[in-house]
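Visitor: Here you go, target-v6.txt (compact mmCIF, C-alpha atoms and all ligand atoms):
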# COMPACT_ATOMS: atom_id res chain seq x y z
CA MET O 1 26.98 -9.91 7.18
CA VAL O 2 24.08 -12.30 6.89
CA GLU O 3 23.22 -13.18 3.32
CA ILE O 4 19.58 -13.54 2.43
CA ILE O 5 19.15 -16.58 0.28
CA GLU O 6 15.41 -16.99 -0.03
CA LYS O 7 13.88 -16.10 -3.38
CA SER O 8 10.82 -13.92 -3.36
CA ALA O 9 7.98 -15.42 -5.38
CA LEU O 10 6.78 -11.97 -6.28
CA LEU O 11 10.21 -10.74 -7.22
CA SER O 12 10.53 -13.51 -9.77
CA SER O 13 7.45 -12.12 -11.50
CA TYR O 14 9.11 -8.74 -12.08
CA PRO O 15 11.02 -8.05 -15.30
CA GLN O 16 14.56 -9.27 -14.79
CA ASP O 17 16.57 -6.31 -16.17
CA ILE O 18 17.68 -4.79 -12.87
CA ASP O 19 19.25 -1.81 -14.67
CA LYS O 20 15.76 -0.70 -15.63
CA ALA O 21 14.27 -1.18 -12.15
CA ILE O 22 13.45 1.78 -9.91
CA GLY O 23 12.71 0.95 -6.29
CA ILE O 24 9.84 2.76 -4.60
CA THR O 25 8.99 2.82 -0.90
CA THR O 26 5.52 4.33 -1.21
CA THR O 27 3.13 5.15 -4.03
CA VAL O 28 4.68 7.64 -6.46
CA PRO O 29 3.69 8.64 -10.04
CA ILE O 30 4.54 5.38 -11.75
CA GLU O 31 3.21 6.82 -15.03
CA ILE O 32 6.46 8.81 -15.23
CA ILE O 33 8.66 5.82 -14.38
CA TYR O 34 7.03 3.64 -17.04
CA ALA O 35 6.98 6.48 -19.61
CA ALA O 36 10.74 6.93 -19.12
CA GLY O 37 11.34 3.27 -20.01
CA TYR O 38 11.96 2.02 -16.46
CA PHE O 39 9.78 -0.16 -14.26
CA PRO O 40 8.82 0.40 -10.61
CA VAL O 41 9.47 -2.17 -7.87
CA ASP O 42 7.59 -1.51 -4.65
CA LEU O 43 10.05 -2.70 -2.01
CA ASN O 44 7.20 -3.15 0.50
CA ASN O 45 5.64 -5.73 -1.83
CA VAL O 46 8.93 -7.52 -2.40
CA PHE O 47 9.50 -7.70 1.37
CA ILE O 48 6.07 -8.92 2.43
CA SER O 49 5.70 -11.45 -0.37
CA SER O 50 9.14 -12.97 0.18
CA ASP O 51 9.36 -16.55 1.41
CA ASP O 52 10.33 -15.41 4.89
CA PRO O 53 9.64 -11.72 5.67
CA SER O 54 10.66 -12.26 9.30
CA ARG O 55 14.12 -13.20 8.18
CA MET O 56 14.34 -9.99 6.20
CA VAL O 57 13.57 -8.06 9.37
CA ASP O 58 16.36 -10.00 11.16
CA HIS O 59 18.72 -9.19 8.32
CA ALA O 60 18.09 -5.45 8.67
CA GLU O 61 18.62 -5.58 12.45
CA LEU O 62 21.84 -7.53 12.04
CA ASN O 63 22.99 -4.84 9.62
CA GLY O 64 22.49 -2.04 12.10
CA ILE O 65 18.88 -0.90 11.70
CA PRO O 66 17.74 -0.27 15.30
CA ARG O 67 15.29 -2.75 16.79
CA ASN O 68 12.90 0.06 17.70
CA THR O 69 12.32 0.95 14.04
CA CYS O 70 9.16 -0.07 12.22
CA ALA O 71 9.36 -3.51 10.56
CA TRP O 72 8.26 -2.13 7.17
CA ILE O 73 11.39 0.03 7.14
CA LYS O 74 13.57 -2.97 7.95
CA GLY O 75 11.84 -4.90 5.18
CA ILE O 76 12.37 -2.10 2.66
CA TYR O 77 16.06 -1.98 3.55
CA SER O 78 16.54 -5.73 3.15
CA ALA O 79 14.48 -5.86 -0.05
CA ALA O 80 16.62 -3.14 -1.64
CA LYS O 81 19.76 -5.05 -0.68
CA LYS O 82 18.38 -8.41 -1.68
CA ILE O 83 17.42 -7.57 -5.23
CA GLY O 84 20.46 -5.39 -5.81
CA ILE O 85 18.45 -2.40 -6.93
CA LYS O 86 20.57 0.47 -8.26
CA ARG O 87 18.06 3.36 -8.23
CA LEU O 88 15.20 4.34 -6.05
CA VAL O 89 12.79 7.21 -5.57
CA GLY O 90 13.27 9.10 -2.33
CA VAL O 91 10.03 10.78 -1.26
CA ALA O 92 11.24 13.83 0.61
CA GLN O 93 7.75 15.02 1.63
CA GLY O 94 4.63 12.91 1.96
CA ASP O 95 6.15 9.74 3.39
CA CYS O 96 7.73 9.24 6.83
CA THR O 97 11.00 10.31 8.39
CA ASN O 98 12.04 6.68 8.86
CA THR O 99 11.95 6.30 5.09
CA HIS O 100 14.10 9.43 4.74
CA ALA O 101 16.73 7.85 6.97
CA ILE O 102 16.68 4.60 4.99
CA MET O 103 17.10 6.62 1.79
CA ASP O 104 20.23 8.21 3.23
CA ILE O 105 21.60 4.81 4.25
CA LEU O 106 20.98 3.40 0.78
CA ASP O 107 22.39 6.56 -0.81
CA PHE O 108 25.52 6.09 1.32
CA ALA O 109 25.66 2.48 0.12
CA GLY O 110 25.94 3.77 -3.46
CA LEU O 111 22.36 3.72 -4.75
CA ASP O 112 21.15 6.50 -6.99
CA VAL O 113 18.35 8.21 -5.03
CA ILE O 114 15.96 10.25 -7.20
CA PRO O 115 14.01 12.78 -5.12
CA PHE O 116 10.27 13.36 -5.41
CA GLU O 117 8.08 15.50 -3.18
CA TYR O 118 4.36 15.75 -2.52
CA PRO O 119 3.66 19.38 -1.54
CA TYR O 120 2.97 19.84 2.15
CA LYS O 121 -0.32 21.67 1.59
CA ARG O 122 -1.80 19.62 -1.26
CA ASP O 123 -1.18 22.41 -3.74
CA GLU O 124 -1.93 21.26 -7.30
CA ASP O 125 0.26 23.91 -9.01
CA ARG O 126 3.22 23.03 -6.85
CA LEU O 127 2.66 19.34 -7.46
CA LYS O 128 2.62 20.03 -11.20
CA CYS O 129 6.11 21.58 -10.92
CA ASN O 130 7.34 18.63 -8.84
CA LEU O 131 5.99 16.15 -11.40
CA LYS O 132 7.76 18.07 -14.17
CA GLU O 133 11.03 17.99 -12.28
CA PHE O 134 10.65 14.27 -11.57
CA ALA O 135 9.94 13.63 -15.29
CA ASN O 136 13.01 15.67 -16.30
CA GLN O 137 15.25 13.68 -13.99
CA LEU O 138 14.10 10.43 -15.54
CA GLY O 139 13.95 11.77 -19.09
CA ALA O 140 10.23 11.09 -19.60
CA ARG O 141 8.40 13.01 -22.34
CA HIS O 142 5.12 14.82 -21.64
CA ASP O 143 3.18 13.02 -24.42
CA ASP O 144 4.39 9.61 -23.26
CA ILE O 145 3.37 10.40 -19.67
CA SER O 146 -0.12 11.47 -20.79
CA SER O 147 -0.57 8.28 -22.83
CA MET O 148 0.69 6.23 -19.90
CA LYS O 149 -1.86 7.83 -17.59
CA ILE O 150 -4.66 6.81 -19.96
CA ARG O 151 -3.23 3.27 -20.19
CA LEU O 152 -2.84 2.82 -16.41
CA ASP O 153 -6.24 4.40 -15.67
CA GLY O 154 -7.78 1.67 -17.83
CA ILE O 155 -6.03 -0.99 -15.76
CA ARG O 156 -6.96 0.70 -12.48
CA ALA O 157 -10.61 0.53 -13.55
CA LEU O 158 -10.29 -3.27 -13.26
CA ILE O 159 -9.08 -2.89 -9.66
CA HIS O 160 -12.01 -0.57 -8.95
CA ARG O 161 -14.36 -3.26 -10.25
CA ILE O 162 -12.65 -5.79 -7.93
CA ASP O 163 -13.30 -3.33 -5.11
CA GLU O 164 -16.97 -3.09 -6.10
CA LEU O 165 -17.21 -6.87 -6.19
CA THR O 166 -15.98 -6.78 -2.59
CA TRP O 167 -18.39 -4.30 -1.00
CA LEU O 168 -21.31 -4.26 -3.41
CA ASP O 169 -21.57 -7.80 -4.74
CA ASN O 170 -19.91 -9.58 -1.78
CA LYS O 171 -18.03 -11.90 -4.14
CA VAL O 172 -14.42 -10.91 -3.43
CA THR O 173 -12.82 -11.38 -0.01
CA GLY O 174 -11.21 -8.58 1.98
CA GLU O 175 -7.86 -10.29 1.57
CA GLU O 176 -8.16 -10.53 -2.22
CA ASN O 177 -9.20 -6.90 -2.27
CA HIS O 178 -6.15 -6.01 -0.16
CA LEU O 179 -3.74 -7.88 -2.46
CA TRP O 180 -5.04 -6.42 -5.72
CA SER O 181 -5.15 -2.89 -4.33
CA VAL O 182 -1.75 -2.97 -2.66
CA THR O 183 -0.03 -4.24 -5.80
CA ALA O 184 -1.51 -1.35 -7.80
CA SER O 185 1.41 0.69 -6.44
CA ASP O 186 3.82 -0.87 -8.98
CA MET O 187 1.62 -3.24 -11.05
CA PHE O 188 4.24 -6.01 -10.71
CA GLY O 189 6.67 -3.78 -12.63
CA ASP O 190 4.84 -4.95 -15.75
CA TYR O 191 1.41 -3.42 -16.26
CA ASN O 192 0.55 -5.76 -19.16
CA THR O 193 0.95 -8.84 -16.95
CA TYR O 194 -0.88 -7.13 -14.10
CA GLU O 195 -3.77 -6.28 -16.42
CA LYS O 196 -3.93 -9.82 -17.79
CA GLU O 197 -3.99 -11.36 -14.31
CA ALA O 198 -6.55 -8.85 -13.05
CA ARG O 199 -8.84 -9.62 -16.00
CA GLU O 200 -8.56 -13.36 -15.35
CA PHE O 201 -9.30 -12.87 -11.66
CA LEU O 202 -12.28 -10.64 -12.42
CA LYS O 203 -13.77 -13.15 -14.81
CA LYS O 204 -13.69 -15.87 -12.15
CA ALA O 205 -14.86 -13.56 -9.36
CA GLU O 206 -17.89 -12.31 -11.34
CA GLU O 207 -19.08 -15.92 -11.61
CA ARG O 208 -18.96 -16.54 -7.85
CA THR O 209 -22.03 -16.60 -5.64
CA SER O 210 -22.42 -13.71 -3.19
CA VAL O 211 -21.65 -14.48 0.43
CA GLN O 212 -23.56 -12.67 3.17
CA HIS O 213 -21.62 -12.11 6.41
CA LYS O 214 -23.09 -10.95 9.68
CA ILE O 215 -20.62 -8.04 10.10
CA ARG O 216 -19.02 -5.65 7.62
CA LEU O 217 -15.66 -4.21 8.65
CA GLY O 218 -13.20 -1.68 7.28
CA PHE O 219 -9.44 -1.32 7.72
CA MET O 220 -7.70 2.00 8.02
CA GLY O 221 -4.12 2.91 8.89
CA ILE O 222 -1.15 1.06 7.46
CA PRO O 223 -1.61 -2.12 5.36
CA PRO O 224 -1.31 -4.98 7.90
CA ILE O 225 2.00 -6.79 8.23
CA CYS O 226 0.45 -9.94 9.75
CA ASN O 227 -0.50 -12.65 7.31
CA ASP O 228 -3.68 -14.15 8.74
CA ILE O 229 -5.81 -11.30 10.06
CA PHE O 230 -8.22 -11.42 7.10
CA SER O 231 -8.81 -15.17 7.37
CA PHE O 232 -9.25 -14.88 11.14
CA LEU O 233 -11.89 -12.16 10.72
CA ASP O 234 -13.56 -14.26 8.08
CA SER O 235 -13.73 -17.17 10.56
CA LEU O 236 -15.61 -14.82 12.92
CA GLY O 237 -18.23 -14.12 10.25
CA CYS O 238 -16.83 -10.72 9.21
CA HIS O 239 -16.46 -9.41 5.69
CA VAL O 240 -13.75 -6.75 5.22
CA VAL O 241 -15.35 -4.42 2.68
CA PHE O 242 -12.90 -1.53 2.87
CA ASN O 243 -9.11 -1.37 2.80
CA GLU O 244 -8.60 2.32 3.10
CA VAL O 245 -4.92 2.92 2.30
CA GLN O 246 -4.68 0.10 -0.21
CA ARG O 247 -7.69 1.53 -2.08
CA GLN O 248 -5.81 4.84 -2.33
CA PHE O 249 -2.93 3.02 -4.07
CA SER O 250 -5.39 2.18 -6.86
CA MET O 251 -6.16 5.89 -7.44
CA PRO O 252 -9.92 5.66 -6.87
CA PHE O 253 -10.86 9.14 -8.10
CA GLU O 254 -11.53 9.96 -11.74
CA THR O 255 -9.12 12.67 -12.90
CA ALA O 256 -8.10 14.26 -16.21
CA THR O 257 -4.49 15.11 -15.37
CA LEU O 258 -1.62 13.58 -13.43
CA GLU O 259 -1.44 16.55 -11.06
CA ALA O 260 -5.16 16.22 -10.28
CA GLN O 261 -4.75 12.48 -9.71
CA TYR O 262 -1.93 12.86 -7.20
CA THR O 263 -3.65 15.79 -5.51
CA GLU O 264 -6.80 13.74 -4.90
CA TYR O 265 -4.75 10.79 -3.60
CA THR O 266 -5.09 11.17 0.18
CA TYR O 267 -2.15 9.22 1.67
CA PRO O 268 0.65 11.86 1.53
CA TYR O 269 -1.47 14.71 2.86
CA ASP O 270 -3.21 15.74 6.09
CA VAL O 271 -5.31 13.32 8.10
CA PHE O 272 -8.50 15.40 7.73
CA MET O 273 -8.82 14.75 4.01
CA GLN O 274 -8.25 11.07 4.71
CA ILE O 275 -10.98 11.05 7.36
CA GLU O 276 -13.47 12.75 5.00
CA ASP O 277 -12.88 9.99 2.47
CA ILE O 278 -13.23 7.28 5.15
CA LYS O 279 -16.50 8.71 6.43
CA ARG O 280 -17.92 8.80 2.91
CA GLU O 281 -16.94 5.18 2.35
CA ILE O 282 -18.28 4.02 5.74
CA CYS O 283 -21.68 5.30 4.69
CA LYS O 284 -21.54 4.04 1.11
CA ARG O 285 -20.30 0.56 2.08
CA SER O 286 -22.53 0.14 5.18
CA ILE O 287 -19.56 -0.55 7.45
CA ASP O 288 -20.37 -1.70 11.00
CA GLY O 289 -16.91 -1.31 12.55
CA ILE O 290 -13.40 -0.03 11.80
CA ILE O 291 -10.07 -1.64 12.55
CA PHE O 292 -7.39 1.03 12.92
CA TYR O 293 -4.21 -0.87 12.17
CA VAL O 294 -1.02 0.74 13.44
CA GLN O 295 2.52 -0.47 13.06
CA ASN O 296 4.76 -0.48 16.12
CA PHE O 297 7.09 2.53 16.12
CA CYS O 298 5.04 4.31 13.41
CA HIS O 299 4.15 7.98 13.86
CA ARG O 300 0.69 7.40 12.37
CA SER O 301 -0.59 6.03 15.67
CA ILE O 302 -0.51 9.64 16.94
CA TYR O 303 -3.58 10.31 14.78
CA GLU O 304 -5.70 7.93 16.85
CA LYS O 305 -7.03 10.70 19.08
CA ILE O 306 -8.36 12.76 16.16
CA ILE O 307 -9.66 9.70 14.32
CA ARG O 308 -11.63 8.49 17.35
CA LYS O 309 -13.19 11.93 17.72
CA LEU O 310 -14.22 12.22 14.07
CA ILE O 311 -15.30 8.67 13.23
CA ASP O 312 -18.38 7.67 15.10
CA ILE O 313 -18.75 3.95 14.53
CA PRO O 314 -17.16 1.21 16.71
CA MET O 315 -13.40 1.13 16.31
CA ILE O 316 -10.58 -1.05 17.56
CA THR O 317 -6.91 -0.13 17.37
CA VAL O 318 -4.56 -3.04 16.76
CA ASP O 319 -0.80 -2.83 16.59
CA PHE O 320 1.77 -5.29 15.34
CA ASP O 321 5.51 -5.43 15.23
CA ARG O 322 6.92 -8.22 13.08
CA PRO O 323 5.41 -10.12 10.15
CA GLY O 324 3.78 -13.45 10.97
CA PRO O 325 0.54 -14.78 12.40
CA ILE O 326 -1.57 -12.87 14.92
CA ASN O 327 -1.17 -13.98 18.52
CA GLY O 328 -3.72 -15.30 21.01
CA ALA O 329 -4.15 -11.99 22.84
CA MET O 330 -4.94 -10.23 19.59
CA MET O 331 -7.42 -12.94 18.62
CA THR O 332 -9.25 -12.46 21.93
CA ARG O 333 -9.40 -8.68 21.45
CA LEU O 334 -10.74 -9.04 17.92
CA GLU O 335 -13.33 -11.60 19.06
CA ALA O 336 -14.53 -9.21 21.79
CA PHE O 337 -14.71 -6.35 19.29
CA VAL O 338 -16.75 -8.38 16.82
CA GLU O 339 -19.12 -9.43 19.62
CA MET O 340 -19.53 -5.80 20.66
CA VAL O 341 -20.27 -4.71 17.07
CA GLU O 342 -22.74 -7.55 16.68
CA ASN O 343 -24.58 -6.57 19.87
CA LYS O 344 -24.84 -2.98 18.66
S1 LIG O 401 4.56 1.96 8.92
FE1 LIG O 401 4.83 4.10 9.50
S2 LIG O 401 6.99 4.28 10.11
FE2 LIG O 401 6.74 2.37 8.98
S3 LIG O 401 7.26 2.90 6.86
FE3 LIG O 401 5.05 3.07 7.06
S4 LIG O 401 4.68 5.24 7.56
FE4 LIG O 401 6.86 4.82 7.94
The structure given in the file should be rewritten as structure tokens.
Ligand code: SF4

Guide:
Amino acid sequence: MVEIIEKSALLSSYPQDIDKAIGITTTVPIEIIYAAGYFPVDLNNVFISSDDPSRMVDHAELNGIPRNTCAWIKGIYSAAKKIGIKRLVGVAQGDCTNTHAIMDILDFAGLDVIPFEYPYKRDEDRLKCNLKEFANQLGARHDDISSMKIRLDGIRALIHRIDELTWLDNKVTGEENHLWSVTASDMFGDYNTYEKEAREFLKKAEERTSVQHKIRLGFMGIPPICNDIFSFLDSLGCHVVFNEVQRQFSMPFETATLEAQYTEYTYPYDVFMQIEDIKREICKRSIDGIIFYVQNFCHRSIYEKIIRKLIDIPMITVDFDRPGPINGAMMTRLEAFVEMVENK
């Protein structure tokens, strides 16, 4: 067995009491986790922000995860092992089957897997029951959950302002937008620190001068695993003004209840609701072109056919396997796409 020795910079910023940590593999109602006295650790974030994510992928393969499995899954597996997490939430509906298999492997390895389910048909009443069951399993009280929703909504408003500073004021880069939105899934396991850092960032960002780029792009699909795609697009004169899935992690819709919030959240449900939201944002944000990012071996690439039919602005599909920099062939394809968008 290969031991992973690198220390994740992000992991060190989480609270250190591992007995209180609950691993998550996708966005789940963290209001309930916090209200129950635990803290969430998004294993995707731990993986991708580690010193050497590629090595974490190797570790998973050496421990029997098949090579033809998506790299995010391998990263989740290694992250769970690396930090010695004891509990995690298993999303039985609304995530992917690869995650289900990893849950079983981690369950078999002795972790306590707490099930949670988004209803298949986006049914608010059913979701309400599922939230209640999830809260009962963790021992969270209704009043504490309601207060936590109000508290976290206040923090999410800061992330929504960062988003506005990206597409409206052109003061925040697509990469900064991506990082703040993607970490909204667990808020560093410590929402007070997350809020403090977001406020500090906002203060500095508001003082920046707006930058006008020649092209405005949007990302949809899975959050990219490669580490330099944003800076490469920036070097081509493109401003990424929309990170579709990451924005969903920040719960962009105003809601009065937890069940409404997680019913409006598009990621776990059908692709049509997701496309409606994307079309609205394309218009609002004046987006010139879309990058549909797919992960190798991910089922979501099957949606491409529908997406291309329903979204009528220039689109390029890019796929990656392992974490790391983008390669020369991908750079050439992106350059050609940007040129095509510019000519349009
Ligand atoms: S990229 Fe696709 S296959 Fe991989 S974890 Fe995400 S949804 Fe599952």

Visitor: One number please: atom CA of Ile326 of chain O to atom CA of Pro224 of chain O, in Å, one decimal.

Guide: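 Distance reported for this atom pair: 10.6 Å.
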
Visitor: Could you pull the residues within 12 Å of Arg122 of chain O, counting all atoms listed in the file, minus those fewer than 2 positions along the same chain, as a list in words?

Guide: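 So, after excluding close chain neighbours, the residues are Gln93, Gly94, Glu117, Tyr118, Pro119, Tyr120, Glu124, Asp125, Arg126, Leu127, Lys128, Asn130, Glu259, Ala260, Gln261, Tyr262, Thr263, Glu264, Tyr265, Thr266, Tyr267, Pro268, Tyr269, Asp270, Val271, Phe272 and Met273 of chain O.
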
Visitor: How would you report the residues lying within 7 Å of ligand LIG 401 (chain O), as a PyMOL selection string, if you count only C-alpha atoms and all ligand atoms?

Guide: chain O and resi 70-73+95-99+222+295+297-300

Visitor: Which centre and edge lengths in Å to one decimal define the box along x, y and z that fits every listed atom of segment 185-193 of chain O plus 5 Å per side, as AutoDock Vina command-line options?

Guide:
--center_x 3.6 --center_y -4.1 --center_z -12.8 --size_x 16.1 --size_y 19.5 --size_z 22.7

Visitor: Extract, using only C-alpha atoms, all DNA, RNA and protein residues at most 9 Å from segment 218-220 of chain O, discarding same-chain residues fewer than 5 positions from it, and format them as a list in words.

Guide: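 My reading of the contact set: Gly174, His239, Val240, Val241, Phe242, Asn243, Glu244, Val245, Gln246, Ile278, Ile282, Ile287, Asp288, Gly289, Ile290, Ile291, Phe292, Tyr293 and Val294 of chain O.
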
Visitor: For atom CA of Val57 of chain O and atom CA of Ser78 of chain O, determine how far apart the two atoms are, in Å to one decimal place.

Guide: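 We find that atom CA of Val57 of chain O and atom CA of Ser78 of chain O lie 7.3 Å from each other.
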
Visitor: Could you tell me how far atom CA of Arg333 of chain O sits from atom CA of Asp321 of chain O, in Å to one decimal place?

Guide: 16.5 Å

Visitor: List the spatial neighbours of Ser286 of chain O as a ChimeraX atom specification - criterion: any atom at most 9 Å away, only C-alpha atoms, same-chain residues fewer than 3 positions off excluded.

Guide: /O:167,216-217,241,281-283

Visitor: Taking (8.2, 2.7, -4.7) as a centre in this file's frame and 10 Å as the limit, can you find every polymer residue with an atom that close, using all atoms listed in the file, and give them as an NGL selection string?

Guide: :O and (22-30 or 40-45 or 76 or 88-91 or 185-186)

Visitor: With distances taken over only C-alpha atoms, which of O:Ala79, O:Ala36, O:Glu276, O:Asn136 is nearest to Ser49 of chain O?

Guide: O:Ala79

Visitor: Measuring atom to atom with only C-alpha atoms, identify which of O:Ile48, O:Leu310, O:Val338, O:Ala198 is nearest to Ile225 of chain O.

Guide: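 Selected residue with least distance to Ile225 of chain O: O:Ile48.
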